[in-house]
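What follows is the content of model_33.csv, which has CSV, C-alpha atoms and all ligand atoms:
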chain,number,residue,atom,x,y,z
A,30,MET,CA,37.0,-40.5,18.0
A,31,GLU,CA,35.1,-40.8,14.8
A,32,THR,CA,32.5,-38.2,15.9
A,33,GLY,CA,35.4,-35.9,16.9
A,34,SER,CA,37.2,-36.1,13.6
A,35,ARG,CA,33.9,-35.7,11.7
A,36,LEU,CA,33.2,-32.6,13.7
A,37,ALA,CA,36.7,-31.3,13.0
A,38,ALA,CA,36.1,-32.0,9.3
A,39,LEU,CA,32.8,-30.2,9.4
A,40,SER,CA,34.1,-27.2,11.2
A,41,LEU,CA,37.0,-27.0,8.7
A,42,LEU,CA,34.4,-27.1,5.9
A,43,LEU,CA,32.4,-24.4,7.6
A,44,LEU,CA,35.5,-22.3,8.0
A,45,LEU,CA,36.3,-22.7,4.3
A,46,LEU,CA,32.7,-21.9,3.4
A,47,SER,CA,32.6,-18.8,5.6
A,48,ALA,CA,35.9,-17.7,4.0
A,49,VAL,CA,34.3,-18.0,0.6
A,50,PHE,CA,30.9,-16.5,1.4
A,51,SER,CA,31.7,-14.1,4.2
A,52,PRO,CA,31.3,-10.5,3.1
A,53,CYS,CA,34.2,-9.7,5.5
A,54,VAL,CA,36.8,-11.5,3.3
A,55,GLY,CA,39.6,-9.1,2.7
A,56,GLN,CA,38.0,-6.6,5.0
A,57,ILE,CA,40.1,-4.7,7.5
A,58,ASN,CA,40.3,-6.0,11.0
A,59,PRO,CA,39.3,-2.8,13.0
A,60,ALA,CA,41.7,-3.7,15.8
A,61,GLU,CA,44.6,-3.3,13.3
A,62,ILE,CA,43.8,0.3,12.5
A,63,ASP,CA,46.5,2.4,14.1
A,64,PRO,CA,46.9,5.5,12.0
A,65,LEU,CA,50.3,7.0,11.7
A,66,LEU,CA,51.1,10.4,10.2
A,67,TYR,CA,53.5,9.0,7.7
A,68,GLU,CA,54.5,12.0,5.6
A,69,GLU,CA,53.4,15.6,5.4
A,70,GLN,CA,54.2,18.5,3.1
A,71,LEU,CA,52.9,22.0,2.5
A,72,LEU,CA,51.2,22.3,-0.9
A,73,TRP,CA,50.5,26.0,-0.7
A,74,VAL,CA,51.9,28.8,1.5
A,75,SER,CA,49.8,31.9,1.7
A,76,GLY,CA,51.5,35.1,0.5
A,77,ALA,CA,54.5,33.2,-0.9
A,78,GLN,CA,53.4,33.4,-4.5
A,79,GLY,CA,53.2,36.8,-6.2
A,80,GLU,CA,49.6,37.0,-7.2
A,81,VAL,CA,48.0,35.2,-4.3
A,82,ASN,CA,47.3,36.6,-0.8
A,83,THR,CA,45.7,33.5,0.7
A,84,TYR,CA,45.2,29.9,-0.2
A,85,ARG,CA,42.0,28.4,1.3
A,86,ILE,CA,39.3,25.8,0.9
A,87,PRO,CA,41.5,22.8,-0.1
A,88,LEU,CA,40.0,19.8,-2.0
A,89,LEU,CA,41.8,16.5,-2.5
A,90,THR,CA,40.7,13.7,-4.8
A,91,PHE,CA,41.9,10.4,-6.3
A,92,THR,CA,41.6,10.0,-10.1
A,93,PRO,CA,40.6,6.9,-12.1
A,94,LYS,CA,44.2,6.4,-13.1
A,95,GLY,CA,45.5,6.5,-9.5
A,96,SER,CA,46.8,10.0,-9.3
A,97,LEU,CA,46.0,12.6,-6.6
A,98,LEU,CA,44.7,16.1,-7.5
A,99,ALA,CA,44.7,18.9,-4.9
A,100,PHE,CA,42.8,22.1,-5.5
A,101,SER,CA,42.4,25.3,-3.5
A,102,GLU,CA,41.1,28.9,-3.9
A,103,GLY,CA,44.0,31.3,-4.6
A,104,ARG,CA,42.5,34.4,-3.1
A,105,LYS,CA,44.1,37.3,-4.9
A,106,SER,CA,44.1,40.3,-2.6
A,107,THR,CA,42.6,39.3,0.8
A,108,ALA,CA,41.9,36.3,3.0
A,109,SER,CA,38.1,37.0,2.7
A,110,ASP,CA,35.6,34.6,1.1
A,111,VAL,CA,34.6,37.5,-1.1
A,112,GLY,CA,36.8,38.8,-3.9
A,113,ALA,CA,38.7,37.8,-7.0
A,114,LYS,CA,40.4,34.3,-7.0
A,115,PHE,CA,42.1,31.6,-9.0
A,116,ILE,CA,41.5,27.9,-8.7
A,117,ALA,CA,44.9,26.5,-8.0
A,118,MET,CA,45.7,22.8,-8.7
A,119,ARG,CA,48.6,20.5,-8.1
A,120,ARG,CA,48.9,16.9,-9.3
A,121,SER,CA,50.8,13.9,-7.9
A,122,THR,CA,51.3,10.7,-9.9
A,123,ASP,CA,53.4,9.0,-7.2
A,124,LYS,CA,50.9,8.7,-4.3
A,125,GLY,CA,51.7,12.1,-2.9
A,126,ALA,CA,55.5,11.9,-2.8
A,127,THR,CA,56.0,14.7,-5.4
A,128,TRP,CA,53.6,17.3,-6.8
A,129,SER,CA,53.5,19.3,-10.1
A,130,PRO,CA,54.0,23.0,-9.8
A,131,THR,CA,50.8,25.0,-9.2
A,132,ALA,CA,48.6,25.5,-12.2
A,133,PHE,CA,45.9,28.2,-12.1
A,134,ILE,CA,43.1,26.4,-13.9
A,135,VAL,CA,40.5,29.1,-13.5
A,136,ASP,CA,41.0,32.9,-13.2
A,137,ASP,CA,37.8,34.8,-12.4
A,138,GLY,CA,39.3,38.1,-13.4
A,139,LEU,CA,39.1,41.0,-11.0
A,140,LYS,CA,35.5,40.9,-10.1
A,141,PRO,CA,34.3,42.3,-6.8
A,142,ASP,CA,33.0,38.8,-6.0
A,143,GLY,CA,34.7,35.9,-7.6
A,144,LEU,CA,34.5,32.2,-7.4
A,145,ASN,CA,34.2,29.8,-4.5
A,146,LEU,CA,35.1,26.1,-4.2
A,147,GLY,CA,33.6,23.6,-4.5
A,148,SER,CA,33.4,19.9,-4.9
A,149,VAL,CA,35.3,17.4,-7.0
A,150,VAL,CA,33.6,14.2,-8.1
A,151,VAL,CA,35.2,11.3,-10.0
A,152,ASP,CA,33.2,9.3,-12.6
A,153,MET,CA,34.9,5.9,-12.6
A,154,GLU,CA,32.7,4.7,-15.5
A,155,VAL,CA,33.9,7.2,-18.0
A,156,GLY,CA,37.2,8.1,-16.3
A,157,SER,CA,36.5,11.8,-15.8
A,158,VAL,CA,37.1,14.3,-13.0
A,159,ILE,CA,34.5,17.0,-12.5
A,160,LEU,CA,35.0,20.1,-10.5
A,161,ILE,CA,31.9,22.1,-9.3
A,162,TYR,CA,32.3,25.7,-8.1
A,163,THR,CA,30.2,28.8,-7.7
A,164,ILE,CA,30.6,32.4,-8.9
A,165,CYS,CA,29.1,35.5,-7.3
A,166,PHE,CA,27.9,33.5,-4.2
A,167,HIS,CA,28.7,36.0,-1.5
A,168,SER,CA,28.2,39.3,-3.1
A,169,TYR,CA,25.5,41.6,-4.0
A,170,HIS,CA,27.7,43.2,-6.7
A,171,CYS,CA,27.0,40.6,-9.2
A,172,HIS,CA,23.8,38.6,-9.7
A,173,PRO,CA,22.8,35.9,-9.9
A,174,SER,CA,25.0,33.3,-8.4
A,175,SER,CA,26.0,30.6,-10.9
A,176,THR,CA,26.9,27.0,-10.4
A,177,MET,CA,29.8,26.1,-12.7
A,178,MET,CA,31.4,22.9,-13.8
A,179,LEU,CA,34.8,22.0,-15.2
A,180,GLU,CA,35.7,18.6,-16.5
A,181,SER,CA,39.0,16.7,-17.2
A,182,ARG,CA,39.1,13.5,-19.3
A,183,ASP,CA,42.9,13.2,-19.1
A,184,ASP,CA,43.6,12.7,-15.4
A,185,GLY,CA,43.7,16.4,-14.6
A,186,LEU,CA,46.2,17.4,-17.2
A,187,SER,CA,43.8,19.6,-19.1
A,188,TRP,CA,40.3,21.0,-18.4
A,189,GLY,CA,37.4,21.8,-20.7
A,190,ALA,CA,35.7,25.2,-20.8
A,191,PRO,CA,33.6,26.1,-17.7
A,192,LYS,CA,30.0,25.1,-18.1
A,193,ASN,CA,27.2,27.0,-16.5
A,194,LEU,CA,25.0,24.5,-14.7
A,195,THR,CA,22.5,27.2,-13.5
A,196,VAL,CA,20.9,26.9,-17.0
A,197,GLN,CA,19.9,23.3,-16.0
A,198,LEU,CA,19.4,23.8,-12.3
A,199,GLY,CA,17.5,27.1,-12.2
A,200,VAL,CA,18.8,30.2,-10.5
A,201,LYS,CA,19.6,29.4,-6.8
A,202,ALA,CA,22.6,30.2,-4.7
A,203,PHE,CA,24.3,26.9,-4.2
A,204,ALA,CA,27.8,26.4,-2.8
A,205,SER,CA,28.9,22.8,-3.2
A,206,GLY,CA,31.0,20.9,-0.7
A,207,PRO,CA,33.5,22.0,0.1
A,208,GLY,CA,34.9,18.5,-0.4
A,209,LEU,CA,34.1,15.4,-2.5
A,210,GLY,CA,31.0,14.5,-4.5
A,211,ILE,CA,30.4,10.8,-4.8
A,212,GLN,CA,29.5,8.4,-7.6
A,213,LYS,CA,27.1,5.8,-6.3
A,214,ARG,CA,28.8,2.4,-6.3
A,215,PHE,CA,25.7,0.5,-5.1
A,216,GLU,CA,22.0,0.5,-5.8
A,217,PRO,CA,19.8,2.5,-5.6
A,218,ALA,CA,21.0,4.7,-8.5
A,219,LYS,CA,24.3,3.0,-9.1
A,220,GLY,CA,26.5,5.3,-11.3
A,221,ARG,CA,24.8,8.5,-10.2
A,222,LEU,CA,26.9,11.5,-9.4
A,223,VAL,CA,25.8,13.1,-6.2
A,224,VAL,CA,27.2,16.6,-5.2
A,225,CYS,CA,25.9,18.2,-2.0
A,226,GLY,CA,26.4,21.7,-0.6
A,227,HIS,CA,24.6,24.5,1.0
A,228,GLY,CA,22.6,27.7,0.3
A,229,THR,CA,23.1,31.3,1.3
A,230,LEU,CA,23.2,32.0,5.0
A,231,GLU,CA,19.5,33.0,5.0
A,232,GLY,CA,18.3,30.4,2.5
A,233,ASP,CA,20.6,27.8,3.9
A,234,GLY,CA,20.3,24.1,4.2
A,235,VAL,CA,21.9,21.0,2.6
A,236,PHE,CA,21.1,20.7,-1.1
A,237,CYS,CA,22.2,17.9,-3.5
A,238,ILE,CA,22.5,18.1,-7.2
A,239,LEU,CA,22.5,14.9,-9.2
A,240,SER,CA,23.5,13.6,-12.6
A,241,ASP,CA,22.6,10.2,-14.1
A,242,ASP,CA,24.5,10.7,-17.4
A,243,HIS,CA,28.1,11.3,-16.2
A,244,GLY,CA,27.7,15.0,-15.7
A,245,GLN,CA,26.1,16.0,-19.0
A,246,ASN,CA,22.8,17.0,-17.3
A,247,TRP,CA,22.2,17.9,-13.7
A,248,TYR,CA,19.0,18.2,-11.6
A,249,ASN,CA,18.1,19.2,-8.1
A,250,GLY,CA,17.8,16.4,-5.6
A,251,ALA,CA,17.5,16.3,-1.8
A,252,ALA,CA,17.0,19.4,0.3
A,253,LEU,CA,17.2,19.7,4.0
A,254,LYS,CA,16.2,23.3,4.7
A,255,SER,CA,17.1,25.6,7.6
A,256,ILE,CA,14.5,26.8,10.0
A,257,PRO,CA,13.3,29.5,9.7
A,258,TYR,CA,13.9,29.2,5.9
A,259,ASN,CA,14.8,32.2,3.9
A,260,GLN,CA,14.8,34.4,7.0
A,261,LYS,CA,17.5,35.9,9.2
A,262,LYS,CA,18.7,33.4,11.7
A,263,LYS,CA,19.3,33.7,15.4
A,264,ALA,CA,21.9,31.9,17.5
A,265,HIS,CA,21.0,28.2,17.8
A,266,ASP,CA,18.6,28.1,15.0
A,267,PHE,CA,18.6,25.0,12.8
A,268,ASN,CA,21.0,25.8,10.0
A,269,PRO,CA,22.7,22.9,8.2
A,270,ASP,CA,25.5,24.2,6.0
A,271,GLU,CA,28.7,22.8,4.5
A,272,CYS,CA,28.7,19.1,4.2
A,273,GLN,CA,30.5,15.9,3.1
A,274,PRO,CA,28.6,12.8,1.7
A,275,VAL,CA,29.9,9.3,1.8
A,276,GLU,CA,28.3,6.0,0.6
A,277,LEU,CA,27.9,2.9,2.7
A,278,ASN,CA,28.1,-0.6,1.3
A,279,ASP,CA,24.3,-0.9,1.5
A,280,GLY,CA,23.9,2.1,-0.8
A,281,THR,CA,22.9,4.5,1.9
A,282,ILE,CA,24.4,8.0,1.5
A,283,VAL,CA,25.5,9.5,4.9
A,284,ILE,CA,26.1,13.2,4.9
A,285,ASN,CA,28.1,14.8,7.7
A,286,VAL,CA,27.1,18.4,8.1
A,287,ARG,CA,28.4,21.7,9.6
A,288,ASN,CA,25.9,22.8,12.3
A,289,GLN,CA,26.2,26.5,11.4
A,290,ASN,CA,24.3,28.0,14.4
A,291,SER,CA,25.2,25.2,16.8
A,292,TYR,CA,21.6,24.0,17.1
A,293,HIS,CA,21.3,21.5,20.0
A,294,CYS,CA,25.1,21.0,20.3
A,295,GLN,CA,28.6,22.2,19.4
A,296,CYS,CA,28.8,19.2,17.2
A,297,ARG,CA,28.2,17.7,13.8
A,298,LEU,CA,24.8,16.9,12.2
A,299,VAL,CA,24.4,13.6,10.4
A,300,VAL,CA,21.7,12.9,7.9
A,301,HIS,CA,21.0,9.9,5.6
A,302,SER,CA,19.6,9.4,2.1
A,303,HIS,CA,18.2,6.0,1.2
A,304,ASP,CA,17.1,6.9,-2.4
A,305,GLY,CA,20.4,8.0,-4.0
A,306,GLY,CA,20.3,11.6,-2.9
A,307,LEU,CA,16.6,12.4,-3.8
A,308,SER,CA,15.6,13.0,-0.2
A,309,LEU,CA,17.1,13.6,3.2
A,310,PRO,CA,14.4,12.6,5.7
A,311,VAL,CA,14.5,14.7,8.8
A,312,GLU,CA,13.4,11.6,10.8
A,313,GLY,CA,16.9,10.2,10.2
A,314,LEU,CA,18.8,13.3,11.3
A,315,TYR,CA,20.9,13.0,14.5
A,316,PHE,CA,23.6,14.9,16.4
A,317,ASP,CA,26.9,13.2,16.7
A,318,TYR,CA,28.0,14.3,20.2
A,319,THR,CA,31.4,12.6,19.8
A,320,LEU,CA,32.2,14.8,16.8
A,321,VAL,CA,32.6,18.2,18.7
A,322,ASP,CA,33.1,21.0,16.2
A,323,PRO,CA,33.9,24.7,16.2
A,324,VAL,CA,31.5,25.2,13.1
A,325,VAL,CA,33.7,24.3,10.1
A,326,ALA,CA,33.9,22.2,7.0
A,327,ALA,CA,35.1,18.7,7.8
A,328,GLY,CA,36.4,15.6,5.9
A,329,ALA,CA,34.7,12.2,5.7
A,330,LEU,CA,35.6,9.1,3.8
A,331,GLN,CA,34.3,5.5,3.6
A,332,LYS,CA,37.0,3.0,2.7
A,333,ASP,CA,36.9,-0.8,3.0
A,334,GLY,CA,34.0,-0.7,5.5
A,335,VAL,CA,35.6,1.9,7.7
A,336,MET,CA,34.5,5.5,8.0
A,337,TYR,CA,37.1,8.2,8.6
A,338,PHE,CA,36.5,11.7,9.8
A,339,THR,CA,38.7,14.8,10.2
A,340,ASN,CA,38.0,18.2,11.8
A,341,PRO,CA,39.5,20.6,14.3
A,342,SER,CA,38.2,18.8,17.3
A,343,ASN,CA,37.4,21.6,19.7
A,344,GLU,CA,34.1,23.3,20.6
A,345,GLN,CA,35.3,26.9,20.3
A,346,HIS,CA,38.4,27.2,18.2
A,347,ARG,CA,39.7,25.9,14.9
A,348,ILE,CA,42.6,24.0,16.4
A,349,ASN,CA,43.5,20.4,17.0
A,350,LEU,CA,43.0,18.7,13.6
A,351,THR,CA,42.0,15.2,14.5
A,352,LEU,CA,41.4,12.0,12.6
A,353,ARG,CA,38.7,9.6,13.9
A,354,TRP,CA,37.5,6.3,12.5
A,355,SER,CA,34.4,4.2,12.9
A,356,VAL,CA,33.8,0.5,12.1
A,357,THR,CA,30.0,1.0,12.7
A,358,ASP,CA,29.3,3.3,9.7
A,359,GLY,CA,29.7,6.3,12.0
A,360,LYS,CA,27.3,5.2,14.7
A,361,THR,CA,30.2,5.0,17.1
A,362,TRP,CA,33.8,6.1,16.9
A,363,GLU,CA,36.9,4.2,18.1
A,364,GLY,CA,38.2,5.8,21.3
A,365,LYS,CA,41.7,6.3,20.0
A,366,ALA,CA,41.6,9.4,17.9
A,367,VAL,CA,44.8,10.6,16.2
A,368,GLN,CA,45.9,14.2,16.4
A,369,ILE,CA,47.3,15.4,13.1
A,370,TRP,CA,48.1,19.0,14.2
A,371,ALA,CA,47.6,20.5,17.6
A,372,GLY,CA,47.7,24.1,16.4
A,373,PRO,CA,45.4,26.3,14.2
A,374,SER,CA,43.6,24.1,11.6
A,375,GLY,CA,40.5,24.8,9.5
A,376,TYR,CA,38.9,23.1,6.6
A,377,SER,CA,39.9,19.5,5.8
A,378,GLY,CA,39.2,16.7,3.3
A,379,ILE,CA,40.1,13.0,3.0
A,380,THR,CA,40.6,10.8,0.0
A,381,SER,CA,42.2,7.4,-0.9
A,382,LEU,CA,43.3,5.6,-4.0
A,383,GLU,CA,40.9,3.0,-5.3
A,384,GLY,CA,43.3,0.8,-7.1
A,385,GLY,CA,42.6,-2.2,-4.8
A,386,SER,CA,46.3,-3.0,-4.3
A,387,ALA,CA,47.7,-3.9,-0.9
A,388,GLU,CA,49.6,-0.5,-1.1
A,389,ASP,CA,46.4,1.5,-1.8
A,390,ARG,CA,44.6,-0.2,1.1
A,391,LYS,CA,47.2,1.0,3.6
A,392,TYR,CA,46.9,4.8,3.1
A,393,ILE,CA,44.4,7.6,3.3
A,394,TYR,CA,45.3,11.2,2.3
A,395,VAL,CA,44.3,14.3,4.2
A,396,ILE,CA,44.4,17.9,3.1
A,397,TYR,CA,43.8,20.7,5.5
A,398,GLU,CA,44.3,24.3,6.4
A,399,LYS,CA,47.2,24.6,8.8
A,400,GLY,CA,49.1,27.3,10.6
A,401,HIS,CA,51.0,28.4,13.7
A,402,LYS,CA,49.2,31.6,14.4
A,403,ASN,CA,46.3,31.3,12.0
A,404,TYR,CA,44.9,28.4,10.1
A,405,CYS,CA,45.0,30.4,6.8
A,406,GLU,CA,48.8,30.3,6.6
A,407,THR,CA,49.2,27.1,4.6
A,408,VAL,CA,47.5,24.2,2.9
A,409,SER,CA,49.0,20.9,4.0
A,410,PHE,CA,48.9,17.4,2.6
A,411,ALA,CA,49.2,14.5,5.0
A,412,LYS,CA,49.7,10.8,4.0
A,413,ILE,CA,48.4,8.6,6.8
A,414,HIS,CA,49.4,4.9,7.1
A,415,LEU,CA,46.4,3.1,8.5
A,416,PHE,CA,48.4,0.3,10.2
A,417,GLY,CA,51.0,2.2,12.2
A,418,GLY,CA,53.6,1.9,9.5
A,419,ARG,CA,53.4,-1.8,9.3
B,501,LIG,C1,24.4,31.1,-15.9
B,501,LIG,O1,23.1,30.9,-16.3
B,501,LIG,C2,22.1,31.7,-15.7
B,501,LIG,C3,20.8,31.2,-16.1
B,501,LIG,O2,20.7,31.2,-17.5
B,501,LIG,C4,22.4,33.1,-15.9
B,501,LIG,O3,21.5,33.9,-15.2
B,501,LIG,C5,23.8,33.5,-15.4
B,501,LIG,O4,24.1,34.8,-15.7
B,501,LIG,C6,24.8,32.6,-16.1
B,501,LIG,N1,26.1,32.8,-15.5
B,501,LIG,C7,27.2,33.0,-16.3
B,501,LIG,C8,28.5,33.2,-15.5
B,501,LIG,O5,27.2,32.9,-17.5
B,502,LIG,C1,41.8,17.4,20.7
B,502,LIG,O1,40.9,16.4,20.3
B,502,LIG,C2,40.8,15.3,21.2
B,502,LIG,C3,39.9,14.3,20.5
B,502,LIG,O2,38.7,14.8,20.3
B,502,LIG,C4,40.3,15.7,22.6
B,502,LIG,O3,40.4,14.6,23.4
B,502,LIG,C5,41.2,16.8,23.1
B,502,LIG,O4,40.7,17.3,24.3
B,502,LIG,C6,41.3,18.0,22.1
B,502,LIG,N1,42.2,19.0,22.5
B,502,LIG,C7,41.9,20.3,22.5
B,502,LIG,C8,42.9,21.2,23.0
B,502,LIG,O5,40.9,20.7,22.0
Translate the structure of the given file into structure tokens.
Ligand SMILES: *[C@@H]1O[C@H](CO)[C@@H](O)[C@H](O)[C@H]1NC(C)=O
Ligand SMILES: *[C@@H]1O[C@H](CO)[C@@H](O)[C@H](O)[C@H]1NC(C)=O
Amino acid sequence: METGSRLAALSLLLLLLSAVFSPCVGQINPAEIDPLLYEEQLLWVSGAQGEVNTYRIPLLTFTPKGSLLAFSEGRKSTASDVGAKFIAMRRSTDKGATWSPTAFIVDDGLKPDGLNLGSVVVDMEVGSVILIYTICFHSYHCHPSSTMMLESRDDGLSWGAPKNLTVQLGVKAFASGPGLGIQKRFEPAKGRLVVCGHGTLEGDGVFCILSDDHGQNWYNGAALKSIPYNQKKKAHDFNPDECQPVELNDGTIVINVRNQNSYHCQCRLVVHSHDGGLSLPVEGLYFDYTLVDPVVAAGALQKDGVMYFTNPSNEQHRINLTLRWSVTDGKTWEGKAVQIWAGPSGYSGITSLEGGSAEDRKYIYVIYEKGHKNYCETVSFAKIHLFGGR
């Protein structure tokens, strides 16, 4: 009896200790994740606003104050990547329930080749939101291509003048994202801003630009170059392209990459950086066969130890926008994927609010290109309840 009650006391003590010391305290039980499309609304409808033909390339971010900011390219006269554009923005201060009217925060004029989005990165240490975009990326009409930066210090209400980062980075065609940059939350390089993107189709690859002083100065970090580099590609050449980085709790950066020429599979490439974005060793590259992909920009997010991923999950067509999640840092995916939209769907992105409240732990937010006949018809915002509405 005595031994039994001692054992009971000991196991209670161990339980209490493990509750105190376990890194899993407050972590989500993966079995409880049961994502529910909780609310959805169209933020932009192509052709519906006078000066814009097509809205494409949506970005969605949290802000340090707990707002959501959505951005897209407002392509003035065609649906093409090339041509004059606005950067459109809408802002929500009530977790996506209502949105401000569209503000055009950049107008590139009527150039033959305008701007392209882009990445948004939040600096929690100084409370800023930084938008990185490119001008003259696609065209030979204007040279060279420039990497530009806009910054807001007031939660997205106002934006400073565009700054030309090419002066610091050197002339190179670099199209960031499209998606979110990250601020390193863990060592190595805690606090660093990491924005990754791709090069021109010939000089393609994944390239990251880094800032260790809150976006004042930027320098070139990791490069994972295409093969053959700076040469015309053939079908199935190695051609890493648009990408989305996330940070794991051990400080590793995982980058989920568009496999432009479907090298090895009709699926996503994954590559890791263990030095805060300075290098992307090819030894660590793998193909994620579960993440079948029609060659597109996809969304990825790491939240409370769970990795989320969105793309049009189909080998041939941009249809079937699907949310997946992983409790093994993307090594395996839970079998139960959630279809957000069966029809045409293109680029997507994911964010969540970082307030730490019970409310903020329940939701993630997805933005994606959505249509009935064509994925360019609208940009849609979807609020996802992670626990089936409970
Ligand atoms: C940005 O800076 C680069 C390098 O100085 C220059 O070649 C380019 O024309 C600049 N772009 C703009 C839009 O000012
Ligand atoms: C949609 O995606 C799911 C999950 O990947 C897959 O099982 C299903 O076959 C896909 N449907 C189509 C039509 O691609």
May I ask you to write as a VMD selection string all residues lying at most 8 Å from ligand LIG 502 (chain B), with all atoms listed in the file counted?
chain A and resid 319 to 321 341 to 344 346 348 to 351 366 to 368 371
At most 7 Å is the cut-off: for each residue in chain A with any atom that close to an atom of ligand LIG 501 (chain B), write down the nearest atom pair and the distance in Å rounded to one decimal, counting only C-alpha atoms and all ligand atoms, chain first then increasing number, as CSV.
residue,atom,partner,partner_atom,distance
A:Ile164,CA,B:LIG501,C8,7.0
A:Pro173,CA,B:LIG501,O3,5.8
A:Ser175,CA,B:LIG501,N1,5.1
A:Asn193,CA,B:LIG501,C1,5.0
A:Leu194,CA,B:LIG501,C1,6.7
A:Thr195,CA,B:LIG501,O1,4.7
A:Val196,CA,B:LIG501,O2,4.3
A:Gly199,CA,B:LIG501,C3,6.6
A:Val200,CA,B:LIG501,C3,6.0
In terms of the shortest atom-to-atom distance over all atoms listed in the file, which of A:Cys165, A:Leu66, A:Cys272, A:Ala60 is closest to Tyr392 of chain A?
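Of the candidates, the smallest distance to Tyr392 of chain A is held by A:Leu66.
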Please list as a ChimeraX atom specification every residue within 12 Å of segment 361-364 of chain A, counting all atoms listed in the file and excluding residues in the same chain fewer than 2 positions away.
/A:59-64,316-320,335-338,352-359,366-367
Using only C-alpha atoms - which residues lie no farther than 6 Å from the point (42.6, 30.6, -2.2) in the file's frame? Write them as a ChimeraX atom specification.
/A:83-85,101-104
Output the selection as a PDB file, keeping the file's coordinate frame - C-alpha atoms for each residue.
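Final output, saved to again-v6.pdb:
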ATOM      1  CA  THR A  83      45.700  33.500   0.700  1.00  0.00           C
ATOM      2  CA  TYR A  84      45.200  29.900  -0.200  1.00  0.00           C
ATOM      3  CA  ARG A  85      42.000  28.400   1.300  1.00  0.00           C
ATOM      4  CA  SER A 101      42.400  25.300  -3.500  1.00  0.00           C
ATOM      5  CA  GLU A 102      41.100  28.900  -3.900  1.00  0.00           C
ATOM      6  CA  GLY A 103      44.000  31.300  -4.600  1.00  0.00           C
ATOM      7  CA  ARG A 104      42.500  34.400  -3.100  1.00  0.00           C
TER       8      ARG A 104
END
Option closest in space to Pro130 of chain A, from A:Trp73, A:Glu231, A:Leu298, A:Lys114 [counting all atoms listed in the file]:
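Once distances to Pro130 of chain A are computed over all atoms listed in the file, the minimum belongs to A:Trp73.
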Taking into account only C-alpha atoms, which residue in the set A:Ala329, A:Val408, A:Leu89, A:Leu144 is nearest to Ala204 of chain A?
A:Leu144
Atom CA of Lys254 of chain A to atom CA of Asn268 of chain A: how many Å, to one decimal?
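Atom-to-atom, atom CA of Lys254 of chain A and atom CA of Asn268 of chain A are spaced 7.6 Å apart.
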